[in-house]
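A.B. asks: Before anything else, here's the structure in question.
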Amino acid sequence: MPLRIAARKIPDAVILPVDAPAYTAASTEVMDTLRAQPGAVVQVLGWDEAFVGVETDDPEGYARAIQRAVLERTRLHCSVGIGDTLVRAKIATGFGKPQEVFRLTAENWFEVMGDRPVIDLWGVGSKVSKRLDALGIHSVAELASAPEQAMQAEFGPRMGLWYRELGRGGSSAVVDDTPWVPRGHSRETTYQVDLADRTEIEAAARVLLEQVLEDAENRPIVGLGLKVRYAPFTTKTFTKRVAPTTDRETVTAKAMELVAKIAPDRPVRLLGLRVELAMPDDARDGHTPTRGGW
DNA sequence: TCTGGGGTCCTAGGACCC
DNA sequence: TCTGGGGTCCTAGGACCC
């Protein structure tokens with residue numbers, strides 16, 4: 001729900017700004033607790049989520065132990081999903097909420113998920129759900145047995161097969177704990193008052209660039225992206241590949257080339273700036289996980 | 001109801017090269 | 001002079017997730 005609406009509905013609600021450092025600190029404590037569990041391989045998914053890979057004869061017991069340990073150390077509750085694939089574990093977590101444990105494996109996958117709408121799957125959103133509807137595919141079970149050719153024709157060679165696999169519960173069970181190297185960083189701002197003239201827009205872009213360069217921590221920049229939302233809500237992106245550089249002047253000049261593409265005379269409601277970063281050699285090839293790479 | 005911010009990955013189409 | 005196929009790179013847009 002947009003904050004504006006929430007504030008209107010509950011006039012005396014207390015609305016706090018995001019406190020990223022506090023959330024990161026709490027998150028780190030939780031993740032450290034997970035890593036301290038016997039035999040655990042931990043793949044962090046975000047501030048409040050992680051895969052824990054483990055071999056055990058008693059998954060439920062292990063899950064309960066995790067919940068106790070996290071609660072003891074951080075006073076935070078968590079729910080745990082147990083699965084024989086990453087997708088099943090992730091979806092199982094939803095059934096475990098709040099503060100419970102749920103097991104979802106090949107054994108009960110279709111019993112639990114078969115009749116549910118495809119949008120309940122992790123990775124299927126409203127758009128894909130509608131396109132599947134148009135193909136006559138509504139349930140998870142129907143997706144699982146959808147003809148490969150039809151799926152590929154609609155969604156492309158990779159995604160077509162991937163969605164079908166999703167209907168079957170996914171196939172990967174590998175928890176990967178190699179530290180994540182960000183592909184890029186971005187900052188965007190929705191302005192309280194639309195930006196009108198060129199100087200204003202350029203100044204705003206420079207502010208975003210400063211922030212983004214700080215996040216980039218001197219890693220070489222290989223690409224730039226500018227996102228523009230014109231009033232009322234039309235969004236455009238301009239991107240540019242650049243020869244790897246850490247030089248501020250060069251990056252600024254390239255960014256301004258993108259800014260020059262903004263339509264004159266159109267009020268700008270949002271500006272976003274993104275940098276794409278060079279990947280270190282050891283993270284570039286081989287095991288980098290991809291969306292379609294189950 | 002009317003619009004948050006920071007990410008990732010995939011696809012299509014065009015340009016260019018061999 | 002024109003055609004064809006295959007590969008790579010770039011840009012824009014789309015979709016999804018937390």
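Ordering of the structure tokens sets the chain letters (A, B, ...), residue numbers begin anew at 1 in every chain, and ligands are numbered from 1 in the order given.
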Using only C-alpha atoms (C1' of nucleotides), find which residues of chain A lie within 9 Å of chain C and jot them down as a count of residues only.
C.D. replies: 17
A.B. asks: So which bits of stretch 22-108 of chain A end up alpha helix (DSSP H) when you DSSP the backbone, as a PDB file with N, CA and C atoms, in the first residue's frame?
C.D. replies:
```pdb
ATOM      1  N   ALA A  22      20.621  -0.122  10.687  1.00  0.00           N
ATOM      2  CA  ALA A  22      20.068  -0.937  11.774  1.00  0.00           C
ATOM      3  C   ALA A  22      19.609  -2.295  11.248  1.00  0.00           C
ATOM      4  N   TYR A  23      18.955  -2.289  10.066  1.00  0.00           N
ATOM      5  CA  TYR A  23      18.471  -3.554   9.510  1.00  0.00           C
ATOM      6  C   TYR A  23      19.640  -4.437   9.108  1.00  0.00           C
ATOM      7  N   THR A  24      20.667  -3.816   8.555  1.00  0.00           N
ATOM      8  CA  THR A  24      21.835  -4.596   8.134  1.00  0.00           C
ATOM      9  C   THR A  24      22.513  -5.237   9.343  1.00  0.00           C
ATOM     10  N   ALA A  25      22.613  -4.475  10.423  1.00  0.00           N
ATOM     11  CA  ALA A  25      23.243  -5.013  11.632  1.00  0.00           C
ATOM     12  C   ALA A  25      22.448  -6.199  12.169  1.00  0.00           C
ATOM     13  N   ALA A  26      21.136  -6.054  12.236  1.00  0.00           N
ATOM     14  CA  ALA A  26      20.290  -7.144  12.729  1.00  0.00           C
ATOM     15  C   ALA A  26      20.391  -8.351  11.808  1.00  0.00           C
ATOM     16  N   SER A  27      20.389  -8.076  10.503  1.00  0.00           N
ATOM     17  CA  SER A  27      20.478  -9.149   9.514  1.00  0.00           C
ATOM     18  C   SER A  27      21.775  -9.933   9.692  1.00  0.00           C
ATOM     19  N   THR A  28      22.879  -9.216   9.860  1.00  0.00           N
ATOM     20  CA  THR A  28      24.179  -9.864  10.023  1.00  0.00           C
ATOM     21  C   THR A  28      24.176 -10.795  11.233  1.00  0.00           C
ATOM     22  N   GLU A  29      23.529 -10.366  12.297  1.00  0.00           N
ATOM     23  CA  GLU A  29      23.476 -11.203  13.501  1.00  0.00           C
ATOM     24  C   GLU A  29      22.699 -12.486  13.251  1.00  0.00           C
ATOM     25  N   VAL A  30      21.599 -12.355  12.515  1.00  0.00           N
ATOM     26  CA  VAL A  30      20.808 -13.543  12.187  1.00  0.00           C
ATOM     27  C   VAL A  30      21.625 -14.488  11.315  1.00  0.00           C
ATOM     28  N   MET A  31      22.265 -13.938  10.271  1.00  0.00           N
ATOM     29  CA  MET A  31      23.019 -14.786   9.331  1.00  0.00           C
ATOM     30  C   MET A  31      24.187 -15.476  10.049  1.00  0.00           C
ATOM     31  N   ASP A  32      24.837 -14.753  10.956  1.00  0.00           N
ATOM     32  CA  ASP A  32      25.933 -15.363  11.721  1.00  0.00           C
ATOM     33  C   ASP A  32      25.420 -16.527  12.562  1.00  0.00           C
ATOM     34  N   THR A  33      24.235 -16.349  13.102  1.00  0.00           N
ATOM     35  CA  THR A  33      23.635 -17.421  13.899  1.00  0.00           C
ATOM     36  C   THR A  33      23.393 -18.653  13.027  1.00  0.00           C
ATOM     37  N   LEU A  34      22.914 -18.416  11.816  1.00  0.00           N
ATOM     38  CA  LEU A  34      22.666 -19.543  10.902  1.00  0.00           C
ATOM     39  C   LEU A  34      23.981 -20.256  10.577  1.00  0.00           C
ATOM     40  N   ARG A  35      25.017 -19.458  10.313  1.00  0.00           N
ATOM     41  CA  ARG A  35      26.313 -20.055   9.937  1.00  0.00           C
ATOM     42  C   ARG A  35      26.905 -20.865  11.087  1.00  0.00           C
ATOM     43  N   PRO A  59      15.112 -33.060   9.764  1.00  0.00           N
ATOM     44  CA  PRO A  59      15.013 -31.665   9.298  1.00  0.00           C
ATOM     45  C   PRO A  59      14.180 -30.795  10.242  1.00  0.00           C
ATOM     46  N   GLU A  60      13.054 -31.342  10.717  1.00  0.00           N
ATOM     47  CA  GLU A  60      12.200 -30.538  11.603  1.00  0.00           C
ATOM     48  C   GLU A  60      12.941 -30.174  12.888  1.00  0.00           C
ATOM     49  N   GLY A  61      13.650 -31.138  13.443  1.00  0.00           N
ATOM     50  CA  GLY A  61      14.419 -30.877  14.668  1.00  0.00           C
ATOM     51  C   GLY A  61      15.474 -29.803  14.429  1.00  0.00           C
ATOM     52  N   TYR A  62      16.143 -29.913  13.258  1.00  0.00           N
ATOM     53  CA  TYR A  62      17.170 -28.934  12.900  1.00  0.00           C
ATOM     54  C   TYR A  62      16.545 -27.544  12.758  1.00  0.00           C
ATOM     55  N   ALA A  63      15.362 -27.505  12.119  1.00  0.00           N
ATOM     56  CA  ALA A  63      14.661 -26.230  11.910  1.00  0.00           C
ATOM     57  C   ALA A  63      14.297 -25.593  13.251  1.00  0.00           C
ATOM     58  N   ARG A  64      13.797 -26.404  14.158  1.00  0.00           N
ATOM     59  CA  ARG A  64      13.427 -25.884  15.485  1.00  0.00           C
ATOM     60  C   ARG A  64      14.654 -25.333  16.197  1.00  0.00           C
ATOM     61  N   ALA A  65      15.762 -26.033  16.041  1.00  0.00           N
ATOM     62  CA  ALA A  65      17.003 -25.582  16.691  1.00  0.00           C
ATOM     63  C   ALA A  65      17.427 -24.224  16.131  1.00  0.00           C
ATOM     64  N   ILE A  66      17.263 -24.057  14.824  1.00  0.00           N
ATOM     65  CA  ILE A  66      17.572 -22.766  14.199  1.00  0.00           C
ATOM     66  C   ILE A  66      16.696 -21.672  14.800  1.00  0.00           C
ATOM     67  N   GLN A  67      15.399 -21.961  14.888  1.00  0.00           N
ATOM     68  CA  GLN A  67      14.473 -20.954  15.425  1.00  0.00           C
ATOM     69  C   GLN A  67      14.845 -20.558  16.849  1.00  0.00           C
ATOM     70  N   ARG A  68      15.195 -21.573  17.672  1.00  0.00           N
ATOM     71  CA  ARG A  68      15.590 -21.286  19.061  1.00  0.00           C
ATOM     72  C   ARG A  68      16.842 -20.426  19.105  1.00  0.00           C
ATOM     73  N   ALA A  69      17.822 -20.799  18.283  1.00  0.00           N
ATOM     74  CA  ALA A  69      19.104 -20.077  18.302  1.00  0.00           C
ATOM     75  C   ALA A  69      18.920 -18.623  17.875  1.00  0.00           C
ATOM     76  N   VAL A  70      18.134 -18.418  16.812  1.00  0.00           N
ATOM     77  CA  VAL A  70      17.914 -17.049  16.323  1.00  0.00           C
ATOM     78  C   VAL A  70      17.157 -16.228  17.371  1.00  0.00           C
ATOM     79  N   LEU A  71      16.167 -16.848  17.984  1.00  0.00           N
ATOM     80  CA  LEU A  71      15.374 -16.140  18.993  1.00  0.00           C
ATOM     81  C   LEU A  71      16.248 -15.753  20.189  1.00  0.00           C
ATOM     82  N   GLU A  72      17.084 -16.699  20.610  1.00  0.00           N
ATOM     83  CA  GLU A  72      17.942 -16.458  21.767  1.00  0.00           C
ATOM     84  C   GLU A  72      18.895 -15.302  21.506  1.00  0.00           C
ATOM     85  N   ARG A  73      19.481 -15.316  20.341  1.00  0.00           N
ATOM     86  CA  ARG A  73      20.539 -14.335  20.069  1.00  0.00           C
ATOM     87  C   ARG A  73      19.998 -12.973  19.648  1.00  0.00           C
ATOM     88  N   THR A  74      18.841 -12.953  18.981  1.00  0.00           N
ATOM     89  CA  THR A  74      18.380 -11.678  18.408  1.00  0.00           C
ATOM     90  C   THR A  74      16.987 -11.252  18.866  1.00  0.00           C
ATOM     91  N   LEU A  86      15.470 -25.742  -3.830  1.00  0.00           N
ATOM     92  CA  LEU A  86      15.423 -24.375  -3.315  1.00  0.00           C
ATOM     93  C   LEU A  86      14.013 -23.805  -3.437  1.00  0.00           C
ATOM     94  N   VAL A  87      13.386 -24.061  -4.582  1.00  0.00           N
ATOM     95  CA  VAL A  87      12.041 -23.530  -4.811  1.00  0.00           C
ATOM     96  C   VAL A  87      11.060 -24.070  -3.772  1.00  0.00           C
ATOM     97  N   ARG A  88      11.124 -25.364  -3.522  1.00  0.00           N
ATOM     98  CA  ARG A  88      10.184 -25.949  -2.550  1.00  0.00           C
ATOM     99  C   ARG A  88      10.435 -25.411  -1.150  1.00  0.00           C
ATOM    100  N   ALA A  89      11.714 -25.261  -0.791  1.00  0.00           N
ATOM    101  CA  ALA A  89      12.028 -24.736   0.543  1.00  0.00           C
ATOM    102  C   ALA A  89      11.496 -23.317   0.684  1.00  0.00           C
ATOM    103  N   LYS A  90      11.706 -22.529  -0.356  1.00  0.00           N
ATOM    104  CA  LYS A  90      11.264 -21.137  -0.330  1.00  0.00           C
ATOM    105  C   LYS A  90       9.740 -21.050  -0.190  1.00  0.00           C
ATOM    106  N   ILE A  91       9.036 -21.841  -0.973  1.00  0.00           N
ATOM    107  CA  ILE A  91       7.577 -21.795  -0.919  1.00  0.00           C
ATOM    108  C   ILE A  91       7.070 -22.360   0.413  1.00  0.00           C
ATOM    109  N   ALA A  92       7.759 -23.373   0.912  1.00  0.00           N
ATOM    110  CA  ALA A  92       7.376 -23.976   2.197  1.00  0.00           C
ATOM    111  C   ALA A  92       7.419 -22.944   3.322  1.00  0.00           C
ATOM    112  N   THR A  93       8.364 -22.013   3.231  1.00  0.00           N
ATOM    113  CA  THR A  93       8.487 -20.986   4.265  1.00  0.00           C
ATOM    114  C   THR A  93       7.186 -20.208   4.426  1.00  0.00           C
ATOM    115  N   GLY A  94       6.527 -19.954   3.299  1.00  0.00           N
ATOM    116  CA  GLY A  94       5.261 -19.230   3.337  1.00  0.00           C
ATOM    117  C   GLY A  94       4.212 -19.983   4.150  1.00  0.00           C
ATOM    118  N   PHE A  95       4.199 -21.306   3.990  1.00  0.00           N
ATOM    119  CA  PHE A  95       3.241 -22.120   4.749  1.00  0.00           C
ATOM    120  C   PHE A  95       3.641 -22.208   6.220  1.00  0.00           C
ATOM    121  N   GLY A  96       4.895 -21.918   6.524  1.00  0.00           N
ATOM    122  CA  GLY A  96       5.382 -22.007   7.896  1.00  0.00           C
ATOM    123  C   GLY A  96       5.117 -20.749   8.709  1.00  0.00           C
TER     124      GLY A  96
END
```
A.B. asks: Would you compute the distance between atom CA of A:Val112 and atom CA of A:Thr56? Give it in Å to one decimal.
C.D. replies: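 That distance, rounded to one decimal, is 23.3 Å.
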A.B. asks: Counting only C-alpha atoms (C1' of nucleotides), what is within 10 Å of A:Val175, bar same-chain residues fewer than 5 positions away, as a list in words?
C.D. replies: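 Here the qualifying residues turn out to be Ala40, Val41, Val42, Gln43, Val44, Ala50, Phe51, Val52, Gly53, Val54, Thr85 and Leu86 of chain A.
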A.B. asks: Restrict the selected residues to C-alpha atoms and save them as an mmCIF file, in the first residue's frame.
C.D. replies:
```cif
data_model
loop_
_atom_site.group_PDB
_atom_site.id
_atom_site.type_symbol
_atom_site.label_atom_id
_atom_site.label_comp_id
_atom_site.auth_asym_id
_atom_site.auth_seq_id
_atom_site.Cartn_x
_atom_site.Cartn_y
_atom_site.Cartn_z
ATOM 1 C CA ALA A 40 25.204 -25.355 7.710
ATOM 2 C CA VAL A 41 25.933 -23.825 4.289
ATOM 3 C CA VAL A 42 24.276 -20.410 4.211
ATOM 4 C CA GLN A 43 23.161 -18.510 1.106
ATOM 5 C CA VAL A 44 21.822 -15.085 2.000
ATOM 6 C CA ALA A 50 18.495 -17.198 3.644
ATOM 7 C CA PHE A 51 18.852 -20.746 2.400
ATOM 8 C CA VAL A 52 20.500 -23.137 4.821
ATOM 9 C CA GLY A 53 21.901 -26.269 3.203
ATOM 10 C CA VAL A 54 22.359 -29.212 5.538
ATOM 11 C CA THR A 85 14.823 -28.076 -3.857
ATOM 12 C CA LEU A 86 15.423 -24.375 -3.315
#
```
A.B. asks: Could you check how far atom CA of A:Asp197 sits from atom CA of A:Gly225, in Å to one decimal?
C.D. replies: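 Interatomic distance here is 20.5 Å.
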A.B. asks: One number please: atom CA of A:Glu107 to atom CA of A:Ser145, in Å, one decimal.
C.D. replies: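 The value is 17.0 Å.
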A.B. asks: Where does DSSP see strand (DSSP E or B) in stretch 49-243 of chain A, if you list the residues as a count of residues only?
C.D. replies: 47
A.B. asks: With a distance cut-off of 10 Å and only C-alpha atoms (C1' of nucleotides), select the neighbouring residues of A:Ile15, excluding the residue or stretch itself and same-chain residues fewer than 3 positions from it, and output the selection as a PDB file with C-alpha atoms, in the first residue's frame.
C.D. replies:
```
ATOM      1  CA  LEU A   3       2.422   5.280   2.240  1.00  0.00           C
ATOM      2  CA  ALA A   6      -1.819   4.323   4.645  1.00  0.00           C
ATOM      3  CA  ALA A   7      -1.348   7.701   6.289  1.00  0.00           C
ATOM      4  CA  ASP A  12      -2.259   8.711  13.914  1.00  0.00           C
ATOM      5  CA  VAL A  18      14.048   3.320   6.560  1.00  0.00           C
TER       6      VAL A  18
END
```
